[in-house]
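See below for the structure under consideration.
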Amino acid sequence: MNLELLESFGQNYPEEADGTLDCISMALTCTFNRWGTLLAVGCNDGRIVIWDFLTRGIAKIISAHIHPVCSLSWSRDGHKLVSASTDNIVSQWDVLTGDCDQRFRFPSPILKLQYHPRDMDKVLVCPMKSAPVLLTLSDSKHVILPVDDDSDLNVVAAFDRRGEYIYTGNAKGKILVLNTDTQDLVASFRVTTGTSNTTAIKSIEFARKGSCFLINTADRIIRVYDGREILTCGRDGEPEPMQKLQDLVNRTPWKRCCFSGDGEYIVAGSARQHALYIWEKSIGNLVKILHGTRGELLLDVAWHPVRPIIASISSGVVSIWAQNQVENWSAFAPDFKELDENVEYEERESEFDIEDEDKSEPEQTGADAAEDEEVDVTSVDPIQAFCSSDEELEDYKALLYLPIAPEVEDPEENPFGPPPEAAGQTATPDDGSAHTGPADKKQRQPSADGAPPKKKIRTTTIELQGVPSDEVHPLLGVKGDSKSKKKAAGRPKGSKGKDKDSPFRPKVCRDRAEGLGTPGNLVSSVYKPHEVQGLD
């Protein structure tokens with residue numbers, strides 16, 4: 001269906017379940033690219049599954065991390081993807097090749113990642129118990145953003161729609177607006193409840209269109225503000241929210257909130273059950289509640305950028321919510337009528353004549369003129385839904401779809417593959433791993449060409465002063481049970497009582513790797529995170 005037709009007909013929010021996406025492993029987080037053609041899903045086993053959303057099929061699987069993936073973000077052109085895992089590693093991926101460009105190691109778990117909306121060289125990272133960090137990917141440098149209170153470091157942050165400003169919020173309800181380039185304080189205000197009491201900021205989300213943003217707070221109210229008003233009020237301003245959205249009956253706490261693609265609706269996922277509440281932003285009225293399977297807990301919610309479709313995650317499965325498409329035949333012919341029962345039809349005199357004898361002359365000339373009119377079928381008009389308000393053209397370098405290679409049953413007879421000499425060369429590094437299964441060998445052979453670049457993955461350790469290194473990601477467990485959870489998350493099964501050996505085991509693998517090439521390299525990269533966990 002054409003995107004231009006979506007806005008004019010009916011309501012633009014989903015009304016019913018439209019199936020699920022099974023990622024084989026447990027899904028934890030999901031995010032759409034800028035056009036909604038691809039959906040990236042982070043899984044419990046460290047893989048990133050990229051779905052082609054039009055065909056609802058898996059386009060690519062990236063074996064990204066060893067630990068669960070907790071946050072994902074697409075670059076503006078869709079060619080890059082940054083991911084964070086529960087072992088404090090942030091990685092940048094090339095979506096087409098599936099290769100890792102570089103890694104960053106943080107001292108504490110990552111709560112959220114976000115690419116700069118316009119500058120693909122900058123990534124905003126929100127570590128636990130730390131001020132937000134602005135990473136520059138090209139030179140691996142980082143800037144720690146200023147915070148309001150050094151003693152309160154439960155800070156969330158987000159870029160505004162064009163990345164000119166960074167909004168940060170702390171547990172005392174203070175919102176700071178910082179200039180992205182200079183990190184100077186531009187505006188600030190405090191979110192208060194009815195009295196002078198403050199409430200903790202849980203998340204900040206911006207609409208894709210317009211200047212509105214929402215703040216999800218611990219008092220179970222979603223407040224919608226206008227960004228222009230915030231900047232006008234300046235420092236220590238007192239802006240009034242445009243809307244306050246809440247569930248007055250059940251006092252539901254909100255796990256995840258986001259805007260619709262056009263910014264006219266807001267969806268919030270309940271932290272108690274698999275339920276999605278949809279409000280109309282302009283009026284503030286609740287228009288729909290979507291109920292998932294009873295007893296499931298919601299993990300993440302994402303609204304499609306241009307269509308009335310929502311993806312939600314619960315119990316490791318991605319659920320899709322969409323509108324019920326009813327066929328309307330009168331849309332094809334204006335005088336078409338749907339009949340409940342047969343009606344006797346009276347035929348006009350000239351209805352089925354090849355030439356209408358009763359037509360007047362002027363109408364004939366008008367029809368001839370319409371026949372002679374040339375129709376432009378070569379030039380492509382940009383789709384307005386994909387363009388920003390300050391851009392006239394679409395991004396033609398954008399990665400909208402992933403090419404899917406056909407599965408060849410017998411690789412030796414592949415006419416499009418490498419020549420036999422090249423195939424023989426690429427197969428030699430795999431000789432050392434001949435004991436691996438056939439499936440493993442098939443996967444590793446293509447990556448043998450790219451083995452030298454893979455050796456040079458740059459890992460940068462980000463030093464943050466005063467940040468506790470024993471924090472556990474909220475996905476992994478409750479605060480009171482941090483020690484046992486940490487062991488379960490950071491160590492493979494059966495490694496109890498081998499703590500002394502664990503720092504030395506990777507070194508043995510590295511020595512062996514010198515003679516083996518690719519397989520040894522894979523082994524060392526697998527053990528590195530465990531080495532760090534052991535030394536902690």
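So you can find residues: chains in the structure tokens are A, B, ... in the order shown, residues in each start at 1, and ligands are numbered from 1 in order.
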Proximity of range 145-257 of chain A to range 68-89 of chain A: per-residue shortest pair, 12 Å limit, only C-alpha atoms, as CSV:
residue,atom,partner,partner_atom,distance
A:Arg161,CA,A:Arg76,CA,11.8
A:Arg162,CA,A:Arg76,CA,10.8
A:Gly163,CA,A:Arg76,CA,11.4
Go ahead and write the selection's residues with N, CA and C atoms as a PDB file, in the first residue's frame.
ATOM      1  N   ARG A 161      15.680  15.233  18.025  1.00  0.00           N
ATOM      2  CA  ARG A 161      15.353  14.663  16.710  1.00  0.00           C
ATOM      3  C   ARG A 161      16.463  14.843  15.697  1.00  0.00           C
ATOM      4  N   ARG A 162      17.170  15.962  15.746  1.00  0.00           N
ATOM      5  CA  ARG A 162      18.250  16.195  14.770  1.00  0.00           C
ATOM      6  C   ARG A 162      19.636  16.105  15.388  1.00  0.00           C
ATOM      7  N   GLY A 163      19.717  15.764  16.658  1.00  0.00           N
ATOM      8  CA  GLY A 163      21.014  15.574  17.287  1.00  0.00           C
ATOM      9  C   GLY A 163      21.715  16.860  17.684  1.00  0.00           C
TER      10      GLY A 163
END
* Please identify which residues in range 112-303 of chain A DSSP calls alpha helix (DSSP H) from the backbone, and express them as a ChimeraX atom specification. => /A:227-233
Closest atom pairs, range 262-298 of chain A residues within 10 Å of range 218-238 of chain A, only C-alpha atoms, as a tab-separated table:
residue	atom	partner	partner_atom	distance
A:Ile266	CA	A:Val224	CA	9.5
A:Ala268	CA	A:Ile222	CA	8.7
A:Lys281	CA	A:Val224	CA	8.2
A:Gly284	CA	A:Val224	CA	9.6
* **Contacts of Ile215 in chain A within 8 Å, only C-alpha atoms, excl. fewer than 2 positions in-chain, as a list in words** => Ile201, Lys202, Ser203, Ile204, Glu205, Phe213, Thr217, Ile222, Arg223 and Val224 of chain A
For the interface of range 150-247 of chain A with range 114-128 of chain A (cut-off 10 Å, counting only C-alpha atoms), please tabulate each contacting residue of range 150-247 of chain A alongside its nearest pair of atoms and their separation in Å to one decimal, rows sorted by chain and increasing number, as a Markdown table.
| residue | atom | partner | partner_atom | distance |
| --- | --- | --- | --- | --- |
| A:Leu153 | CA | A:Met128 | CA | 7.8 |
| A:Asn154 | CA | A:Met128 | CA | 6.7 |
| A:Val155 | CA | A:Cys126 | CA | 7.3 |
| A:Val156 | CA | A:Cys126 | CA | 6.3 |
| A:Ala157 | CA | A:Cys126 | CA | 6.7 |
| A:Ala158 | CA | A:Gln114 | CA | 7.2 |
| A:Phe159 | CA | A:His116 | CA | 6.7 |
| A:Asp160 | CA | A:Pro117 | CA | 8.1 |
| A:Arg161 | CA | A:Pro117 | CA | 6.8 |
| A:Arg162 | CA | A:Pro117 | CA | 5.6 |
| A:Gly163 | CA | A:Pro117 | CA | 5.5 |
| A:Glu164 | CA | A:Pro117 | CA | 9.1 |
| A:Ile166 | CA | A:Leu124 | CA | 8.9 |
| A:Thr168 | CA | A:Cys126 | CA | 9.8 |
| A:Thr180 | CA | A:His116 | CA | 9.5 |
* To do: For His291 in chain A, please output as a PyMOL selection string all residues within 12 Å (counting only C-alpha atoms; exclusion window: fewer than 6 positions along the same chain).
  => chain A and resi 14-17+269-270+272-278+297-298+312+314+319-321
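The interatomic distance for the pair CA of Phe104 in chain A and CA of Gly46 in chain A works out to 16.0 Å.
With CA of Asp184 in chain A on one side and CA of Gly210 in chain A on the other, the separation reads 23.8 Å.
Closest approach to Leu290 in chain A from the set A:Ala311, A:Leu178, A:Val380, A:Met242 is made by A:Ala311, with distances taken over only C-alpha atoms.
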* Asked: Of the candidates A:Leu38, A:Leu400, A:Ile313, A:Val306, which one gets nearest to Thr293 in chain A if we count only C-alpha atoms?
  ->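 Of the candidates, the smallest distance to Thr293 in chain A is held by A:Ile313.
CA of Gly98 in chain A is positioned 25.5 Å from CA of Val133 in chain A.
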* **Contacts of Thr97 in chain A at 10 Å (only C-alpha atoms; same-chain gap of 2+ positions) as a PyMOL selection string** => chain A and resi 60+62+79+93-95+99-100+447+450
* Asked: Per DSSP on the backbone, what are the strand (DSSP E) residues of range 84-291 of chain A, as a ChimeraX atom specification?
  -> /A:84-85,89-94,100-105,110-115,122-127,133-136,141-144,156-159,165-169,174-179,185-190,201-206,212-217,222-226,243-245,254-259,265-270,275-280,286-291
Could the residues in this selection be written to a file with C-alpha atoms, as a JSON list (two decimals), in the first residue's frame?
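Dumped to result-v7.json:
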[["chain", "number", "residue", "atom", "x", "y", "z"],
["A", 84, "ALA", "CA", 25.68, -3.50, 23.72],
["A", 85, "SER", "CA", 25.82, -6.74, 25.68],
["A", 89, "ILE", "CA", 30.93, -4.50, 25.59],
["A", 90, "VAL", "CA", 29.78, -2.02, 22.91],
["A", 91, "SER", "CA", 30.39, -3.10, 19.30],
["A", 92, "GLN", "CA", 29.90, -1.47, 15.91],
["A", 93, "TRP", "CA", 28.83, -3.76, 13.04],
["A", 94, "ASP", "CA", 28.79, -3.52, 9.27],
["A", 100, "CYS", "CA", 32.72, -6.04, 13.65],
["A", 101, "ASP", "CA", 34.37, -2.65, 12.98],
["A", 102, "GLN", "CA", 35.43, -1.89, 16.55],
["A", 103, "ARG", "CA", 34.66, -2.57, 20.20],
["A", 104, "PHE", "CA", 34.52, -0.55, 23.40],
["A", 105, "ARG", "CA", 34.77, -2.06, 26.87],
["A", 110, "ILE", "CA", 25.12, -0.42, 29.36],
["A", 111, "LEU", "CA", 21.48, 0.61, 29.77],
["A", 112, "LYS", "CA", 21.02, 2.32, 26.40],
["A", 113, "LEU", "CA", 22.79, 3.09, 23.10],
["A", 114, "GLN", "CA", 21.83, 5.66, 20.49],
["A", 115, "TYR", "CA", 23.45, 6.71, 17.21],
["A", 122, "LYS", "CA", 28.91, 9.75, 17.29],
["A", 123, "VAL", "CA", 27.18, 7.32, 19.65],
["A", 124, "LEU", "CA", 25.55, 8.17, 22.98],
["A", 125, "VAL", "CA", 26.08, 5.51, 25.68],
["A", 126, "CYS", "CA", 24.32, 5.38, 29.06],
["A", 127, "PRO", "CA", 26.31, 3.16, 31.49],
["A", 133, "VAL", "CA", 29.28, 9.08, 27.53],
["A", 134, "LEU", "CA", 29.50, 10.52, 23.99],
["A", 135, "LEU", "CA", 31.70, 8.23, 21.86],
["A", 136, "THR", "CA", 33.47, 9.36, 18.68],
["A", 141, "LYS", "CA", 37.69, 9.07, 21.93],
["A", 142, "HIS", "CA", 34.95, 9.74, 24.47],
["A", 143, "VAL", "CA", 33.48, 12.69, 26.33],
["A", 144, "ILE", "CA", 31.78, 12.31, 29.72],
["A", 156, "VAL", "CA", 19.37, 8.51, 31.25],
["A", 157, "ALA", "CA", 20.06, 10.46, 28.07],
["A", 158, "ALA", "CA", 18.80, 10.86, 24.48],
["A", 159, "PHE", "CA", 19.57, 12.90, 21.36],
["A", 165, "TYR", "CA", 21.02, 18.75, 21.76],
["A", 166, "ILE", "CA", 21.34, 15.93, 24.29],
["A", 167, "TYR", "CA", 18.66, 15.68, 26.99],
["A", 168, "THR", "CA", 19.72, 14.00, 30.26],
["A", 169, "GLY", "CA", 17.55, 13.13, 33.26],
["A", 174, "LYS", "CA", 16.26, 17.12, 36.86],
["A", 175, "ILE", "CA", 16.40, 17.43, 33.07],
["A", 176, "LEU", "CA", 19.48, 19.05, 31.50],
["A", 177, "VAL", "CA", 19.65, 20.12, 27.85],
["A", 178, "LEU", "CA", 23.24, 20.10, 26.56],
["A", 179, "ASN", "CA", 24.68, 21.32, 23.28],
["A", 185, "LEU", "CA", 24.20, 23.65, 29.40],
["A", 186, "VAL", "CA", 21.48, 25.30, 27.28],
["A", 187, "ALA", "CA", 18.35, 24.73, 29.38],
["A", 188, "SER", "CA", 17.20, 22.82, 32.45],
["A", 189, "PHE", "CA", 14.05, 22.14, 34.44],
["A", 190, "ARG", "CA", 12.78, 19.82, 37.15],
["A", 201, "ILE", "CA", 13.42, 9.94, 35.25],
["A", 202, "LYS", "CA", 13.26, 6.44, 33.72],
["A", 203, "SER", "CA", 13.54, 7.29, 30.01],
["A", 204, "ILE", "CA", 13.40, 10.15, 27.47],
["A", 205, "GLU", "CA", 12.03, 9.52, 23.96],
["A", 206, "PHE", "CA", 11.71, 11.89, 20.98],
["A", 212, "CYS", "CA", 7.73, 16.84, 20.98],
["A", 213, "PHE", "CA", 9.35, 14.44, 23.42],
["A", 214, "LEU", "CA", 8.10, 12.33, 26.32],
["A", 215, "ILE", "CA", 9.51, 11.61, 29.76],
["A", 216, "ASN", "CA", 8.68, 8.35, 31.54],
["A", 217, "THR", "CA", 8.99, 8.85, 35.30],
["A", 222, "ILE", "CA", 4.18, 9.94, 31.01],
["A", 223, "ARG", "CA", 4.70, 13.67, 30.44],
["A", 224, "VAL", "CA", 4.79, 15.10, 26.91],
["A", 225, "TYR", "CA", 6.73, 18.34, 26.36],
["A", 226, "ASP", "CA", 7.44, 20.64, 23.42],
["A", 243, "GLN", "CA", -0.08, 16.09, 28.19],
["A", 244, "LYS", "CA", 0.09, 13.84, 31.23],
["A", 245, "LEU", "CA", -0.70, 10.23, 30.35],
["A", 254, "TRP", "CA", 5.55, 1.77, 32.28],
["A", 255, "LYS", "CA", 8.40, -0.39, 31.01],
["A", 256, "ARG", "CA", 8.92, 1.25, 27.61],
["A", 257, "CYS", "CA", 7.32, 4.20, 25.77],
["A", 258, "CYS", "CA", 7.66, 5.56, 22.24],
["A", 259, "PHE", "CA", 5.95, 7.77, 19.65],
["A", 265, "TYR", "CA", 0.21, 8.70, 18.96],
["A", 266, "ILE", "CA", 2.12, 7.42, 21.98],
["A", 267, "VAL", "CA", 2.39, 3.75, 22.98],
["A", 268, "ALA", "CA", 3.46, 2.59, 26.43],
["A", 269, "GLY", "CA", 4.15, -1.00, 27.45],
["A", 270, "SER", "CA", 3.12, -2.09, 30.93],
["A", 275, "ALA", "CA", -0.29, -4.90, 27.52],
["A", 276, "LEU", "CA", 0.17, -1.90, 25.20],
["A", 277, "TYR", "CA", -1.66, 1.37, 25.88],
["A", 278, "ILE", "CA", -2.06, 3.80, 22.95],
["A", 279, "TRP", "CA", -2.94, 7.49, 23.46],
["A", 280, "GLU", "CA", -3.66, 10.25, 20.98],
["A", 286, "LEU", "CA", -6.62, 6.57, 25.57],
["A", 287, "VAL", "CA", -7.69, 5.12, 22.21],
["A", 288, "LYS", "CA", -6.69, 1.45, 22.46],
["A", 289, "ILE", "CA", -5.35, -1.21, 24.82],
["A", 290, "LEU", "CA", -3.71, -4.21, 23.15],
["A", 291, "HIS", "CA", -3.50, -7.30, 25.36]]
Find the residues near Pro308 in chain A: any atom within 9 Å, counting only C-alpha atoms, skip ones fewer than 2 places away on the same chain, and give them as an mmCIF file with N, CA, C and O atoms, in the first residue's frame.
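And here is the file that came out, selection-v7.cif:
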data_model
loop_
_atom_site.group_PDB
_atom_site.id
_atom_site.type_symbol
_atom_site.label_atom_id
_atom_site.label_comp_id
_atom_site.auth_asym_id
_atom_site.auth_seq_id
_atom_site.Cartn_x
_atom_site.Cartn_y
_atom_site.Cartn_z
ATOM 1 N N LEU A 6 -1.640 6.511 3.504
ATOM 2 C CA LEU A 6 -1.873 6.095 4.881
ATOM 3 C C LEU A 6 -2.506 7.194 5.729
ATOM 4 O O LEU A 6 -3.378 6.942 6.538
ATOM 5 N N GLN A 11 -7.862 5.832 11.389
ATOM 6 C CA GLN A 11 -6.902 6.051 12.468
ATOM 7 C C GLN A 11 -5.596 5.342 12.157
ATOM 8 O O GLN A 11 -5.589 4.296 11.535
ATOM 9 N N ASN A 12 -4.508 5.931 12.615
ATOM 10 C CA ASN A 12 -3.190 5.393 12.300
ATOM 11 C C ASN A 12 -2.586 4.680 13.503
ATOM 12 O O ASN A 12 -1.477 5.001 13.919
ATOM 13 N N TYR A 13 -3.308 3.734 14.064
ATOM 14 C CA TYR A 13 -2.724 2.929 15.138
ATOM 15 C C TYR A 13 -3.204 1.488 14.992
ATOM 16 O O TYR A 13 -4.282 1.226 14.452
ATOM 17 N N PRO A 14 -2.397 0.519 15.450
ATOM 18 C CA PRO A 14 -2.766 -0.891 15.287
ATOM 19 C C PRO A 14 -3.927 -1.283 16.195
ATOM 20 O O PRO A 14 -4.145 -0.665 17.237
ATOM 21 N N SER A 260 4.526 7.230 17.782
ATOM 22 C CA SER A 260 4.261 6.635 16.466
ATOM 23 C C SER A 260 5.153 7.323 15.433
ATOM 24 O O SER A 260 5.787 8.335 15.723
ATOM 25 N N GLY A 261 5.173 6.779 14.220
ATOM 26 C CA GLY A 261 6.039 7.341 13.182
ATOM 27 C C GLY A 261 5.722 8.795 12.866
ATOM 28 O O GLY A 261 6.623 9.604 12.625
ATOM 29 N N TRP A 303 7.711 1.154 17.553
ATOM 30 C CA TRP A 303 6.664 1.508 16.595
ATOM 31 C C TRP A 303 7.319 1.690 15.232
ATOM 32 O O TRP A 303 8.350 2.341 15.116
ATOM 33 N N HIS A 304 6.706 1.108 14.202
ATOM 34 C CA HIS A 304 7.223 1.206 12.834
ATOM 35 C C HIS A 304 7.312 2.679 12.427
ATOM 36 O O HIS A 304 6.406 3.458 12.710
ATOM 37 N N PRO A 305 8.408 3.097 11.755
ATOM 38 C CA PRO A 305 8.601 4.526 11.445
ATOM 39 C C PRO A 305 7.534 5.138 10.550
ATOM 40 O O PRO A 305 7.243 6.329 10.674
ATOM 41 N N VAL A 306 6.935 4.361 9.636
ATOM 42 C CA VAL A 306 5.994 4.969 8.687
ATOM 43 C C VAL A 306 4.640 4.273 8.616
ATOM 44 O O VAL A 306 3.727 4.787 7.985
ATOM 45 N N ILE A 310 3.212 -2.049 15.392
ATOM 46 C CA ILE A 310 4.027 -2.054 16.602
ATOM 47 C C ILE A 310 4.649 -3.435 16.765
ATOM 48 O O ILE A 310 3.986 -4.455 16.542
ATOM 49 N N TRP A 321 1.805 -6.113 15.963
ATOM 50 C CA TRP A 321 0.444 -5.593 16.088
ATOM 51 C C TRP A 321 0.176 -4.682 14.903
ATOM 52 O O TRP A 321 1.001 -3.815 14.595
ATOM 53 N N ALA A 322 -0.955 -4.880 14.219
ATOM 54 C CA ALA A 322 -1.248 -4.096 13.014
ATOM 55 C C ALA A 322 -2.748 -3.853 12.902
ATOM 56 O O ALA A 322 -3.533 -4.277 13.767
ATOM 57 N N GLN A 323 -3.125 -3.164 11.840
ATOM 58 C CA GLN A 323 -4.549 -2.915 11.592
ATOM 59 C C GLN A 323 -5.170 -4.097 10.851
ATOM 60 O O GLN A 323 -4.478 -4.803 10.113
#
